[in-house]
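Here's upload30.txt, which has compact mmCIF, C-alpha atoms and all ligand atoms:
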```txt
# COMPACT_ATOMS: atom_id res chain seq x y z
CA MET I 1 81.89 60.68 82.86
CA GLY I 2 85.63 61.38 83.03
CA PHE I 3 85.35 63.73 86.05
CA PRO I 4 84.49 63.28 89.76
CA THR I 5 80.78 62.71 90.31
CA GLU I 6 78.44 61.72 93.13
CA ILE I 7 74.81 60.69 93.52
CA VAL I 8 72.48 63.19 95.21
CA GLU I 9 68.81 62.99 96.15
CA GLU I 10 66.52 65.87 95.32
CA GLY I 11 62.71 65.76 95.52
CA GLU I 12 61.84 62.23 94.48
CA VAL I 13 64.81 61.59 92.22
CA ARG I 14 68.40 60.43 92.55
CA VAL I 15 70.78 61.99 90.04
CA LEU I 16 74.46 61.85 89.23
CA VAL I 17 76.07 65.29 89.54
CA PRO I 18 79.61 66.69 89.50
CA LYS I 19 81.29 66.27 92.89
CA LEU I 20 81.57 70.02 93.54
CA LYS I 21 84.19 69.74 96.30
CA ALA I 22 86.63 68.27 93.78
CA PHE I 23 86.56 71.44 91.65
CA VAL I 24 87.30 74.19 94.15
CA LYS I 25 90.57 75.05 95.81
CA SER I 26 89.12 77.36 98.47
CA PRO I 27 85.65 77.51 100.09
CA SER I 28 85.12 81.03 98.71
CA GLU I 29 85.16 79.79 95.09
CA TYR I 30 81.77 79.38 93.34
CA ALA I 31 81.80 75.62 92.79
CA PRO I 32 78.91 75.21 90.27
CA SER I 33 80.69 77.17 87.55
CA LYS I 34 84.05 75.40 88.14
CA ALA I 35 82.65 71.94 87.43
CA PRO I 36 82.60 70.61 83.83
CA VAL I 37 78.79 70.37 84.05
CA PHE I 38 76.62 72.89 85.85
CA TYR I 39 74.91 71.79 89.04
CA ASN I 40 73.89 74.17 91.83
CA PRO I 41 72.48 72.58 95.00
CA VAL I 42 71.41 76.05 96.20
CA MET I 43 68.84 76.15 93.37
CA GLU I 44 66.93 73.19 94.81
CA LEU I 45 64.23 75.55 96.13
CA ASN I 46 63.93 77.09 92.66
CA ARG I 47 63.42 73.59 91.22
CA ASP I 48 60.98 72.62 94.01
CA ILE I 49 58.81 75.63 93.18
CA ALA I 50 59.14 74.84 89.45
CA VAL I 51 57.74 71.34 90.14
CA LEU I 52 54.81 72.82 92.08
CA ALA I 53 54.08 75.44 89.41
CA LEU I 54 54.19 72.87 86.61
CA GLN I 55 51.87 70.56 88.53
CA ALA I 56 49.46 73.41 89.32
CA TYR I 57 49.50 74.35 85.63
CA GLN I 58 48.92 70.73 84.53
CA ARG I 59 45.93 70.48 86.90
CA THR I 60 44.39 73.61 85.37
CA VAL I 61 44.70 72.32 81.77
CA ASN I 62 43.77 68.81 82.94
CA ARG I 63 45.48 66.83 80.15
CA GLU I 64 48.88 65.35 79.36
CA ILE I 65 51.55 67.98 78.77
CA SER I 66 54.93 68.26 77.02
CA VAL I 67 57.76 70.18 78.64
CA CYS I 68 61.08 71.58 77.43
CA GLU I 69 64.15 72.55 79.43
CA PRO I 70 66.51 74.01 76.83
CA LEU I 71 69.36 74.81 79.28
CA ALA I 72 69.36 71.67 81.36
CA GLY I 73 72.86 71.31 82.86
CA CYS I 74 73.01 67.90 84.54
CA GLY I 75 69.27 67.39 83.92
CA VAL I 76 68.05 67.39 87.51
CA ARG I 77 65.16 69.77 86.79
CA GLY I 78 63.83 67.96 83.70
CA THR I 79 64.23 64.60 85.44
CA ARG I 80 62.20 65.91 88.38
CA PHE I 81 59.47 67.19 86.03
CA ALA I 82 59.17 63.74 84.44
CA VAL I 83 59.15 61.86 87.77
CA GLU I 84 57.32 64.21 90.13
CA VAL I 85 54.67 65.93 88.00
CA ASP I 86 51.54 63.94 87.12
CA GLY I 87 50.40 64.15 83.51
CA VAL I 88 53.81 64.86 81.92
CA LYS I 89 53.97 62.79 78.76
CA LYS I 90 57.25 64.12 77.35
CA VAL I 91 60.24 66.16 78.53
CA VAL I 92 62.87 67.46 76.10
CA MET I 93 66.09 68.34 77.96
CA ASN I 94 68.91 70.07 76.12
CA ASP I 95 72.34 71.56 76.76
CA ILE I 96 75.00 72.94 74.42
CA ASN I 97 77.71 71.38 76.58
CA GLU I 98 78.39 67.83 75.44
CA LYS I 99 79.35 66.69 78.94
CA ALA I 100 76.06 68.07 80.27
CA PHE I 101 74.21 66.24 77.51
CA LYS I 102 75.91 62.97 78.50
CA LEU I 103 75.21 63.47 82.21
CA ALA I 104 71.55 64.45 81.59
CA SER I 105 71.15 61.37 79.34
CA TYR I 106 72.63 59.20 82.10
CA ASN I 107 70.23 60.69 84.66
CA ALA I 108 67.20 60.13 82.44
CA GLU I 109 68.26 56.50 81.99
CA MET I 110 69.04 55.98 85.69
CA ASN I 111 65.50 57.18 86.50
CA LYS I 112 64.06 54.84 83.84
CA LEU I 113 62.72 57.72 81.77
CA ASP I 114 64.08 56.73 78.34
CA LYS I 115 60.59 56.55 76.84
CA ARG I 116 59.38 59.94 78.10
CA VAL I 117 62.57 62.02 78.14
CA LEU I 118 64.50 63.08 75.06
CA VAL I 119 67.95 64.62 75.62
CA LYS I 120 69.51 66.88 72.98
CA ASN I 121 72.87 68.60 72.50
CA GLU I 122 72.02 71.80 70.59
CA ASP I 123 72.09 75.55 71.00
CA ALA I 124 68.93 76.44 72.98
CA ASN I 125 67.57 78.88 70.37
CA PHE I 126 68.20 76.39 67.57
CA LEU I 127 66.38 73.68 69.55
CA LEU I 128 63.42 75.93 70.41
CA SER I 129 63.13 77.14 66.81
CA SER I 130 62.86 73.53 65.64
CA TYR I 131 59.74 73.23 67.84
CA GLY I 132 58.14 76.46 66.58
CA ALA I 133 55.68 74.89 64.13
CA PRO I 134 52.01 74.60 65.26
CA ARG I 135 51.80 70.91 66.09
CA LYS I 136 55.27 70.64 67.54
CA ARG I 137 54.98 73.25 70.28
CA PHE I 138 55.38 72.58 74.00
CA ASP I 139 52.88 73.11 76.81
CA ALA I 140 55.59 74.38 79.14
CA ILE I 141 59.14 75.70 78.75
CA ASP I 142 61.56 76.36 81.62
CA ILE I 143 64.45 78.72 80.82
CA ASP I 144 67.05 78.55 83.57
CA PRO I 145 70.30 80.14 82.34
CA PHE I 146 73.31 81.82 83.90
CA GLY I 147 72.52 85.52 83.92
CA SER I 148 69.72 86.81 81.73
CA PRO I 149 67.02 84.70 80.05
CA THR I 150 66.30 87.43 77.46
CA PRO I 151 68.32 85.86 74.58
CA TYR I 152 65.90 82.91 74.68
CA ILE I 153 62.51 84.61 75.17
CA ASP I 154 61.78 85.13 71.47
CA SER I 155 62.30 81.51 70.46
CA ALA I 156 60.65 80.26 73.68
CA VAL I 157 57.33 82.07 73.07
CA ARG I 158 57.33 80.77 69.48
CA ALA I 159 57.83 77.20 70.72
CA LEU I 160 54.90 77.42 73.20
CA ARG I 161 51.36 76.49 72.26
CA SER I 162 48.65 79.02 73.04
CA GLY I 163 47.86 78.84 76.75
CA GLY I 164 51.35 77.43 77.49
CA LEU I 165 53.41 78.09 80.60
CA LEU I 166 56.78 79.86 80.40
CA ALA I 167 59.13 79.90 83.40
CA LEU I 168 62.12 82.25 83.43
CA THR I 169 65.05 82.57 85.85
CA ALA I 170 67.22 85.70 85.87
CA THR I 171 70.40 85.76 87.95
CA ASP I 172 71.82 89.04 86.57
CA MET I 173 70.68 91.02 89.58
CA ALA I 174 73.33 93.75 89.26
CA PRO I 175 71.84 95.09 85.99
CA LEU I 176 68.23 94.43 87.09
CA CYS I 177 68.70 96.17 90.44
CA GLY I 178 70.29 99.23 88.90
CA VAL I 179 74.01 98.69 89.56
CA TYR I 180 74.55 98.50 85.77
CA PRO I 181 71.58 100.41 84.28
CA LYS I 182 72.94 100.39 80.72
CA ALA I 183 73.16 96.59 80.73
CA CYS I 184 69.56 96.43 81.99
CA ILE I 185 68.27 98.79 79.28
CA ARG I 186 70.15 96.71 76.70
CA LYS I 187 68.84 93.35 77.90
CA TYR I 188 65.38 94.18 79.21
CA GLY I 189 64.44 97.38 77.36
CA GLY I 190 63.67 99.19 80.62
CA LYS I 191 65.51 101.41 83.09
CA PRO I 192 66.13 99.94 86.57
CA LEU I 193 66.38 101.97 89.78
CA ARG I 194 68.45 101.35 92.92
CA THR I 195 65.58 101.68 95.35
CA GLU I 196 64.83 99.62 98.45
CA TYR I 197 62.27 97.69 96.36
CA CYS I 198 64.65 97.06 93.43
CA HIS I 199 63.89 93.30 93.50
CA GLU I 200 60.25 94.02 92.72
CA ILE I 201 61.37 96.39 89.96
CA ALA I 202 63.58 93.54 88.66
CA VAL I 203 60.58 91.18 88.41
CA ARG I 204 58.56 93.91 86.70
CA LEU I 205 61.36 94.63 84.20
CA LEU I 206 61.58 90.93 83.31
CA ALA I 207 57.77 90.68 83.01
CA GLY I 208 57.73 93.83 80.87
CA CYS I 209 60.41 92.43 78.60
CA LEU I 210 58.42 89.21 78.23
CA ALA I 211 55.20 91.14 77.51
CA THR I 212 56.76 93.32 74.79
CA THR I 213 58.58 90.35 73.22
CA ALA I 214 55.37 88.27 73.17
CA ALA I 215 53.41 91.24 71.76
CA LYS I 216 55.69 91.27 68.68
CA HIS I 217 54.37 87.80 67.94
CA ASP I 218 50.73 88.84 68.62
CA MET I 219 50.71 87.05 71.94
CA GLY I 220 49.45 88.19 75.33
CA VAL I 221 50.84 87.22 78.73
CA ASP I 222 49.28 86.56 82.09
CA ILE I 223 51.74 86.53 85.00
CA LEU I 224 50.83 83.64 87.29
CA PHE I 225 53.61 83.75 89.83
CA SER I 226 57.00 85.25 90.60
CA HIS I 227 59.49 85.18 93.43
CA SER I 228 62.76 86.76 94.39
CA THR I 229 64.96 84.36 96.34
CA ASP I 230 68.68 84.37 97.21
CA HIS I 231 70.55 85.66 94.14
CA TYR I 232 67.85 85.31 91.48
CA ILE I 233 64.30 86.14 90.39
CA ARG I 234 61.85 83.78 88.80
CA LEU I 235 58.73 84.43 86.71
CA TYR I 236 55.90 82.12 85.59
CA ALA I 237 53.62 83.34 82.80
CA LYS I 238 50.85 81.96 80.67
CA ILE I 239 51.23 82.92 77.01
CA GLU I 240 48.16 83.24 74.78
CA HIS I 241 47.95 83.83 71.03
CA GLY I 242 45.96 86.77 69.68
CA ALA I 243 46.62 90.40 68.68
CA LYS I 244 43.84 91.66 70.98
CA LYS I 245 45.38 89.77 73.91
CA ALA I 246 48.73 91.35 73.06
CA ASP I 247 47.14 94.83 73.01
CA ARG I 248 45.44 94.21 76.36
CA THR I 249 48.72 92.93 77.79
CA LEU I 250 50.55 96.09 76.77
CA GLN I 251 48.05 98.14 78.78
CA ASN I 252 49.88 96.80 81.84
CA MET I 253 53.09 98.52 80.83
CA GLY I 254 54.19 101.75 82.43
CA TYR I 255 56.65 103.45 84.77
CA ILE I 256 57.37 103.74 88.48
CA LEU I 257 58.33 107.26 89.55
CA HIS I 258 60.32 107.42 92.77
CA CYS I 259 61.43 110.25 95.03
CA PHE I 260 64.74 109.46 96.72
CA LYS I 261 64.21 112.35 99.13
CA CYS I 262 60.86 111.46 100.73
CA PHE I 263 60.16 107.86 99.48
CA HIS I 264 57.06 108.94 97.59
CA ARG I 265 56.37 106.67 94.64
CA GLU I 266 53.74 106.66 91.93
CA THR I 267 52.94 104.70 88.80
CA VAL I 268 52.12 105.95 85.32
CA LYS I 269 50.53 103.66 82.76
CA GLY I 270 51.51 103.69 79.10
CA LEU I 271 54.64 103.16 77.08
CA LEU I 272 55.40 106.87 76.68
CA LEU I 273 56.22 109.10 79.64
CA SER I 274 55.30 112.78 79.44
CA GLU I 275 57.43 115.55 80.94
CA HIS I 276 54.93 116.80 83.56
CA HIS I 277 55.65 113.78 85.75
CA GLY I 278 59.03 115.26 86.68
CA LYS I 279 58.37 116.59 90.24
CA CYS I 280 57.47 114.79 93.47
CA GLY I 281 53.87 115.50 94.48
CA GLU I 282 54.82 115.36 98.17
CA CYS I 283 58.09 117.28 98.49
CA GLY I 284 58.70 118.86 95.08
CA SER I 285 62.04 117.08 94.47
CA LYS I 286 62.94 115.61 91.11
CA LEU I 287 61.44 112.17 90.54
CA ASP I 288 63.52 109.29 89.23
CA VAL I 289 62.05 106.84 86.75
CA ALA I 290 62.09 103.06 86.37
CA GLY I 291 60.70 101.47 83.23
CA PRO I 292 59.03 100.88 80.95
CA LEU I 293 58.08 97.87 83.05
CA TRP I 294 55.12 95.66 83.97
CA LEU I 295 52.62 97.32 86.33
CA GLY I 296 50.09 94.47 86.25
CA LYS I 297 49.84 91.68 88.79
CA ILE I 298 52.98 89.63 89.37
CA PHE I 299 51.25 86.91 91.43
CA ASP I 300 47.91 85.27 90.77
CA LYS I 301 46.06 84.54 94.00
CA HIS I 302 44.34 81.43 92.65
CA PHE I 303 47.58 80.04 91.19
CA CYS I 304 49.43 80.63 94.51
CA GLY I 305 46.65 78.66 96.22
CA LEU I 306 46.95 75.81 93.71
CA MET I 307 50.70 75.62 94.32
CA GLU I 308 50.15 75.57 98.09
CA LYS I 309 47.77 72.66 97.63
CA GLU I 310 50.33 70.77 95.53
CA ALA I 311 53.01 71.37 98.16
CA GLU I 312 50.92 69.53 100.77
CA GLY I 313 51.59 66.07 99.41
CA LYS I 314 55.12 66.61 98.10
CA LYS I 315 58.48 65.57 99.48
CA LEU I 316 60.42 68.84 99.45
CA ARG I 317 63.53 69.67 101.48
CA PHE I 318 62.61 73.36 101.66
CA LYS I 319 58.91 72.94 102.31
CA ARG I 320 58.66 75.38 105.22
CA ARG I 321 60.42 78.12 103.28
CA ILE I 322 58.23 77.43 100.26
CA TRP I 323 55.03 77.57 102.37
CA LYS I 324 56.12 80.94 103.61
CA ILE I 325 56.85 82.30 100.13
CA LEU I 326 53.51 81.01 98.82
CA ALA I 327 51.51 82.36 101.76
CA LEU I 328 53.14 85.79 101.47
CA THR I 329 52.79 86.03 97.69
CA ARG I 330 49.13 85.00 97.92
CA GLU I 331 48.55 87.83 100.40
CA GLU I 332 50.48 90.46 98.47
CA SER I 333 48.98 89.44 95.11
CA GLU I 334 46.38 92.20 95.16
CA ALA I 335 48.36 94.81 97.05
CA PRO I 336 49.74 98.08 95.62
CA VAL I 337 52.94 98.26 93.55
CA ALA I 338 56.28 99.21 95.21
CA TYR I 339 56.57 98.27 98.89
CA TYR I 340 58.04 100.50 101.62
CA VAL I 341 60.99 99.32 103.70
CA ILE I 342 60.44 100.63 107.19
CA ASP I 343 64.12 100.47 108.18
CA LYS I 344 65.04 102.77 105.30
CA ILE I 345 62.41 105.33 106.36
CA CYS I 346 63.49 105.09 110.00
CA ASP I 347 67.14 105.62 108.99
CA THR I 348 66.36 108.99 107.44
CA LEU I 349 64.30 109.98 110.47
CA ALA I 350 67.11 108.81 112.79
CA LEU I 351 64.65 106.52 114.58
CA SER I 352 65.10 102.89 115.52
CA THR I 353 62.69 100.61 113.69
CA PRO I 354 59.41 99.66 115.36
CA PRO I 355 58.10 96.10 114.96
CA ILE I 356 56.80 95.69 111.43
CA LYS I 357 53.54 94.09 112.64
CA LYS I 358 52.79 97.14 114.79
CA VAL I 359 53.28 99.49 111.83
CA MET I 360 50.91 97.36 109.75
CA GLU I 361 48.32 97.35 112.55
CA ALA I 362 48.56 101.14 112.85
CA LEU I 363 48.10 101.54 109.09
CA ARG I 364 45.04 99.28 109.08
CA GLU I 365 43.55 101.13 112.08
CA LYS I 366 43.75 104.30 110.03
CA GLY I 367 41.90 102.61 107.17
CA PHE I 368 44.88 101.90 104.91
CA GLN I 369 45.86 98.59 103.32
CA ALA I 370 48.97 96.92 104.77
CA PHE I 371 50.46 93.66 103.55
CA PRO I 372 53.80 92.01 104.21
CA THR I 373 55.87 91.07 101.16
CA HIS I 374 57.97 88.01 100.37
CA PHE I 375 60.51 90.37 98.76
CA ASN I 376 61.68 91.75 102.09
CA PRO I 377 60.81 90.77 105.69
CA ARG I 378 60.98 94.47 106.62
CA GLY I 379 58.76 95.57 103.71
CA ILE I 380 55.13 96.72 103.75
CA ARG I 381 52.83 97.12 100.78
CA SER I 382 50.34 99.88 101.40
CA ASN I 383 48.16 102.42 99.67
CA ALA I 384 49.23 105.00 102.27
CA SER I 385 51.48 107.84 101.12
CA ALA I 386 55.13 108.02 102.14
CA GLU I 387 54.21 110.96 104.36
CA THR I 388 51.56 108.89 106.19
CA ILE I 389 54.05 106.06 106.69
CA ARG I 390 56.60 108.53 108.08
CA LYS I 391 54.02 109.98 110.46
CA ILE I 392 52.91 106.55 111.66
CA VAL I 393 56.48 105.41 112.24
CA SER I 394 57.18 108.61 114.18
CA THR I 395 54.15 108.13 116.47
CA PHE I 396 55.88 105.07 117.98
CA TYR I 397 58.52 107.41 119.37
CA LYS I 398 56.53 110.56 120.08
CA ASP I 399 56.78 110.07 123.87
CA LYS I 400 60.56 109.65 123.67
CA ILE I 401 61.27 112.64 121.40
C1 LIG W 501 72.34 77.54 85.05
S1 LIG W 501 72.74 76.17 84.07
C2 LIG W 501 71.28 75.20 84.02
C3 LIG W 501 70.89 74.58 85.33
C4 LIG W 501 69.69 73.68 85.25
N1 LIG W 501 68.57 74.30 84.57
C5 LIG W 501 69.27 73.22 86.64
O1 LIG W 501 68.13 73.45 87.09
O2 LIG W 501 70.11 72.60 87.31
C6 LIG W 501 72.79 76.83 82.45
C7 LIG W 501 73.14 75.80 81.39
O3 LIG W 501 72.97 76.39 80.11
C8 LIG W 501 73.90 75.80 79.22
N2 LIG W 501 73.99 76.72 78.06
C9 LIG W 501 74.61 77.93 77.98
N3 LIG W 501 74.39 78.47 76.76
C10 LIG W 501 73.61 77.60 76.07
C11 LIG W 501 73.04 77.62 74.77
N4 LIG W 501 73.21 78.66 73.95
N5 LIG W 501 72.29 76.57 74.40
C12 LIG W 501 72.08 75.51 75.23
N6 LIG W 501 72.61 75.44 76.47
C13 LIG W 501 73.37 76.46 76.89
C14 LIG W 501 75.16 75.68 80.04
O4 LIG W 501 76.00 74.67 79.50
C15 LIG W 501 74.58 75.30 81.43
O5 LIG W 501 74.59 73.92 81.61
ZN ZN W 502 59.49 113.61 97.49
```
Show me this structure written as structure tokens.
Ligand SMILES: C[S@@+](CC[C@H](N)C(=O)[O-])C[C@H]1O[C@@H](n2cnc3c(N)ncnc32)[C@H](O)[C@@H]1O
Ligand SMILES: [Zn+2]
Amino acid sequence: MGFPTEIVEEGEVRVLVPKLKAFVKSPSEYAPSKAPVFYNPVMELNRDIAVLALQAYQRTVNREISVCEPLAGCGVRGTRFAVEVDGVKKVVMNDINEKAFKLASYNAEMNKLDKRVLVKNEDANFLLSSYGAPRKRFDAIDIDPFGSPTPYIDSAVRALRSGGLLALTATDMAPLCGVYPKACIRKYGGKPLRTEYCHEIAVRLLAGCLATTAAKHDMGVDILFSHSTDHYIRLYAKIEHGAKKADRTLQNMGYILHCFKCFHRETVKGLLLSEHHGKCGECGSKLDVAGPLWLGKIFDKHFCGLMEKEAEGKKLRFKRRIWKILALTREESEAPVAYYVIDKICDTLALSTPPIKKVMEALREKGFQAFPTHFNPRGIRSNASAETIRKIVSTFYKDKI
């Protein structure tokens, strides 16, 4: 390859990757982007879940599928799809970097996949556009870029057949979580907000961007799964052709209104926000707005269950962590939008935080819903108002006050 490499094992494959240690001078440097070809061992869990989601999807369509990974790096993900997912008849891997193309080609060959894997060296949008015609389209496309996936969404939805699966990674968490709101509005067409549940807002902004992009092509979307892990978010959506489906999809768009003073939050459906939503219904303060974004479901209970089932028989290094994510997302799939973070509420009340399980029990005893969330181990999804949550948290300390 002309640069230091090593063989690593991931899932059921062995692949040649850049020897990351050879490209950094100090441990604080971010090795994956220093190497001539991108490879990030930390994203193994992302790829594990991608394998499970693709397999769950293949089981639901119950036929052979074609898959495209237009930003493939060293090709570990596409190689894993071809080896580990039953019913994959073809994988097209692609990277604009010639060295990545060579390494991905080597990995396909080393795993004896020459007949089922095609490796290309094109710009991702050019490649996807060349698969936009009706009989050429893919069943599944996995967009896993640096930063935002939005430059590829248009050509990806066009290169998917109706009913196809689109997976998107976004690593640009600073814009999505409201550190750089202008960049977020530019890329995703929605305003972010620096709240304690900004990672959920990030997923909803990405889903909203996908929904509005697909709608331009008369396509509807159904969000099957999403997760926020480490430094990125991930979204899995089924795309279906049809203007009516697109119209129905857009009914899931709306806004989250948030009060930074009392933690009250509410949602408003629709793409246009009227002025009378300006004041907090609980404390009268000015409400801040996030959106337009996706207010529909961001996890599908049945799909989470299918993925859990697939995980049972698979060799995955991060299985326990994945079980946990899947169990939590399945539980929170039907829970209200915008979770509370108990620590944040306790901070403003100058109280130490009670055990999260106890707060959930207390909420349920009072007849409210209470679910944990995979987004934050200290988060609770509930239909209780912020005031109720504050009162319940305070009752844990009423004897001491
Ligand atoms: C984050 S890496 C991909 C990692 C890979 N998906 C994995 O799971 O290991 C992003 C890749 O996109 C490639 N890339 C960037 N811009 C591109 C473009 N316009 N067309 C095709 N590939 C591109 C980069 O060379 C890089 O290898
Ligand atoms: Zn308020």
* So which residues are near ligand ZN 502 (chain W), meaning at most 7 Å away with all atoms listed in the file counted, given back as a PyMOL selection string? -> chain I and resi 259-264+280-285
Selection above as a file: C-alpha atoms, as a JSON list (two decimals), in the frame of the given file:
```json
[["chain", "number", "residue", "atom", "x", "y", "z"],
["I", 259, "CYS", "CA", 61.43, 110.25, 95.03],
["I", 260, "PHE", "CA", 64.74, 109.46, 96.72],
["I", 261, "LYS", "CA", 64.21, 112.35, 99.13],
["I", 262, "CYS", "CA", 60.86, 111.46, 100.73],
["I", 263, "PHE", "CA", 60.16, 107.86, 99.48],
["I", 264, "HIS", "CA", 57.06, 108.94, 97.59],
["I", 280, "CYS", "CA", 57.47, 114.79, 93.47],
["I", 281, "GLY", "CA", 53.87, 115.50, 94.48],
["I", 282, "GLU", "CA", 54.82, 115.36, 98.17],
["I", 283, "CYS", "CA", 58.09, 117.28, 98.49],
["I", 284, "GLY", "CA", 58.70, 118.86, 95.08],
["I", 285, "SER", "CA", 62.04, 117.08, 94.47]]
```
* List all protein, DNA and RNA residues that have at least one atom no more than 9 Å from any atom of ligand LIG 501 (chain W), counting only C-alpha atoms and all ligand atoms, and write them as a ChimeraX atom specification. => /I:32-33,36-41,43-44,46-47,69-78,94-101,121-127,142-147,151-152,169,171
* Asked: So which one's closest to Leu349 of chain I, I:Val393, I:Ala370, I:Phe375, I:Ala335? Using only C-alpha atoms, please.
  ->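 For Leu349 of chain I, the nearest of the given residues is I:Val393.
Between atom CA of Asn107 of chain I and atom CA of Ala35 of chain I there is a distance of 17.0 Å.
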Show me a table, sorted first by chain and then by increasing residue number, of the residues of segment 200-247 of chain I having an atom at most 12 Å from segment 292-316 of chain I, each with its shortest atom pair and the distance in Å to one decimal, counting only C-alpha atoms and written as a Markdown table.
```
| residue | atom | partner | partner_atom | distance |
| --- | --- | --- | --- | --- |
| I:Glu200 | CA | I:Ile298 | CA | 9.1 |
| I:Ile201 | CA | I:Leu293 | CA | 7.8 |
| I:Ala202 | CA | I:Leu293 | CA | 9.0 |
| I:Val203 | CA | I:Ile298 | CA | 7.8 |
| I:Arg204 | CA | I:Trp294 | CA | 4.7 |
| I:Leu205 | CA | I:Leu293 | CA | 4.8 |
| I:Leu206 | CA | I:Leu293 | CA | 7.8 |
| I:Ala207 | CA | I:Trp294 | CA | 5.7 |
| I:Gly208 | CA | I:Trp294 | CA | 4.4 |
| I:Cys209 | CA | I:Leu293 | CA | 7.4 |
| I:Leu210 | CA | I:Trp294 | CA | 9.2 |
| I:Ala211 | CA | I:Trp294 | CA | 7.9 |
| I:Thr212 | CA | I:Leu293 | CA | 9.5 |
| I:Val221 | CA | I:Gly296 | CA | 10.5 |
| I:Asp222 | CA | I:Lys297 | CA | 8.5 |
| I:Ile223 | CA | I:Ile298 | CA | 5.5 |
| I:Leu224 | CA | I:Asp300 | CA | 4.8 |
| I:Phe225 | CA | I:Phe299 | CA | 4.3 |
| I:Ser226 | CA | I:Phe299 | CA | 6.0 |
| I:His227 | CA | I:Phe299 | CA | 8.7 |
| I:Ser228 | CA | I:Ile298 | CA | 11.4 |
| I:Ile233 | CA | I:Ile298 | CA | 11.9 |
| I:Arg234 | CA | I:Ile298 | CA | 10.6 |
| I:Leu235 | CA | I:Ile298 | CA | 8.2 |
| I:Tyr236 | CA | I:Phe299 | CA | 8.9 |
| I:Ala237 | CA | I:Ile298 | CA | 9.1 |
| I:Lys238 | CA | I:Asp300 | CA | 11.0 |
```
* **Proximity to Ala104 of chain I - best of I:Val42, I:His374, I:Thr348, I:Val15, all atoms listed in the file** =>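 Going through I:Val42, I:His374, I:Thr348, I:Val15 one by one, the smallest distance to Ala104 of chain I is for I:Val15.
The residue that comes closest to Leu273 of chain I, out of I:Ile256, I:Val13, I:Val83, I:Ala108 and on the basis of all atoms listed in the file, is I:Ile256.
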To test the calculation: enclose all listed atoms of segment 174-180 of chain I in a box whose edges run along x, y and z, add 5 Å on each side, then state centre and edge lengths in Å to one decimal, as lines of an AutoDock Vina configuration file.
```
center_x = 71.4
center_y = 96.5
center_z = 88.1
size_x = 16.3
size_y = 15.5
size_z = 14.7
```
* Using only C-alpha atoms: which of I:Lys89, I:Arg186, I:His231, I:Lys391 has the shortest distance to Phe138 of chain I -> I:Lys89
* **Option closest in space to Gly254 of chain I, from I:Gly242, I:Pro377, I:Gly291, I:Gly278 [counting only C-alpha atoms]** =>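 So, comparing all the options, the nearest one is I:Gly291.
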* Asked: In Å, with one decimal, what is the gap from atom CA of Pro372 of chain I to atom CA of Val268 of chain I?
  -> 23.5 Å
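Reported to one decimal place, the separation of atom CA of Glu332 of chain I from atom CA of Ala170 of chain I is 21.5 Å.
The nearest approach to Gly178 of chain I among the residues I:Asn252, I:Thr195, I:Ser129, I:Thr229, with all atoms listed in the file taken into account, belongs to I:Thr195.
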* **Contacts of Arg317 of chain I within 9 Å, all atoms listed in the file, excl. fewer than 5 positions in-chain, as a PyMOL selection string** => chain I and resi 10-11+44-45+48
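Residues surrounding Arg390 of chain I within 7 Å are Ile345, Ala386 and Ser394 of chain I [all atoms listed in the file; sequence separation below 4 positions excluded].
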* Can you tell me, as a PyMOL selection string, what residues are no more than 7 Å from Ser382 of chain I when counting only C-alpha atoms, ignoring any on the same chain fewer than 3 positions away? -> chain I and resi 335-336+339+368-371
* Asked: What would the list of residues within 8 Å of (54.1, 69.0, 83.7) (file frame) look like as a PyMOL selection string, if all atoms listed in the file are what count?
  -> chain I and resi 51+54-55+57-58+64-67+81-82+85-89+140
* Got a sec: who's within 6 Å of segment 265-267 of chain I, counting all atoms listed in the file, leaving out chain neighbours fewer than 2 positions off, as a list in words? ->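 Answer for this query is Tyr255, Ile256, Leu257 and His258 of chain I.
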Starting from the sparse input, extend segment 131-137 of chain I to N, CA and C atoms and give the output as a PDB file, in the coordinates of the input.
```pdb
ATOM      1  N   TYR I 131      61.058  73.607  67.293  1.00  0.00           N
ATOM      2  CA  TYR I 131      59.740  73.230  67.840  1.00  0.00           C
ATOM      3  C   TYR I 131      58.729  74.356  67.666  1.00  0.00           C
ATOM      4  N   GLY I 132      59.004  75.281  66.733  1.00  0.00           N
ATOM      5  CA  GLY I 132      58.140  76.460  66.580  1.00  0.00           C
ATOM      6  C   GLY I 132      56.887  76.229  65.736  1.00  0.00           C
ATOM      7  N   ALA I 133      56.835  75.130  65.008  1.00  0.00           N
ATOM      8  CA  ALA I 133      55.680  74.890  64.130  1.00  0.00           C
ATOM      9  C   ALA I 133      54.457  74.467  64.955  1.00  0.00           C
ATOM     10  N   PRO I 134      53.234  74.799  64.469  1.00  0.00           N
ATOM     11  CA  PRO I 134      52.010  74.600  65.260  1.00  0.00           C
ATOM     12  C   PRO I 134      51.874  73.282  66.003  1.00  0.00           C
ATOM     13  N   ARG I 135      52.070  72.155  65.357  1.00  0.00           N
ATOM     14  CA  ARG I 135      51.800  70.910  66.090  1.00  0.00           C
ATOM     15  C   ARG I 135      52.972  70.395  66.912  1.00  0.00           C
ATOM     16  N   LYS I 136      54.075  71.110  66.832  1.00  0.00           N
ATOM     17  CA  LYS I 136      55.270  70.640  67.540  1.00  0.00           C
ATOM     18  C   LYS I 136      55.459  71.314  68.895  1.00  0.00           C
ATOM     19  N   ARG I 137      54.704  72.381  69.126  1.00  0.00           N
ATOM     20  CA  ARG I 137      54.980  73.250  70.280  1.00  0.00           C
ATOM     21  C   ARG I 137      54.776  72.564  71.623  1.00  0.00           C
TER      22      ARG I 137
END
```
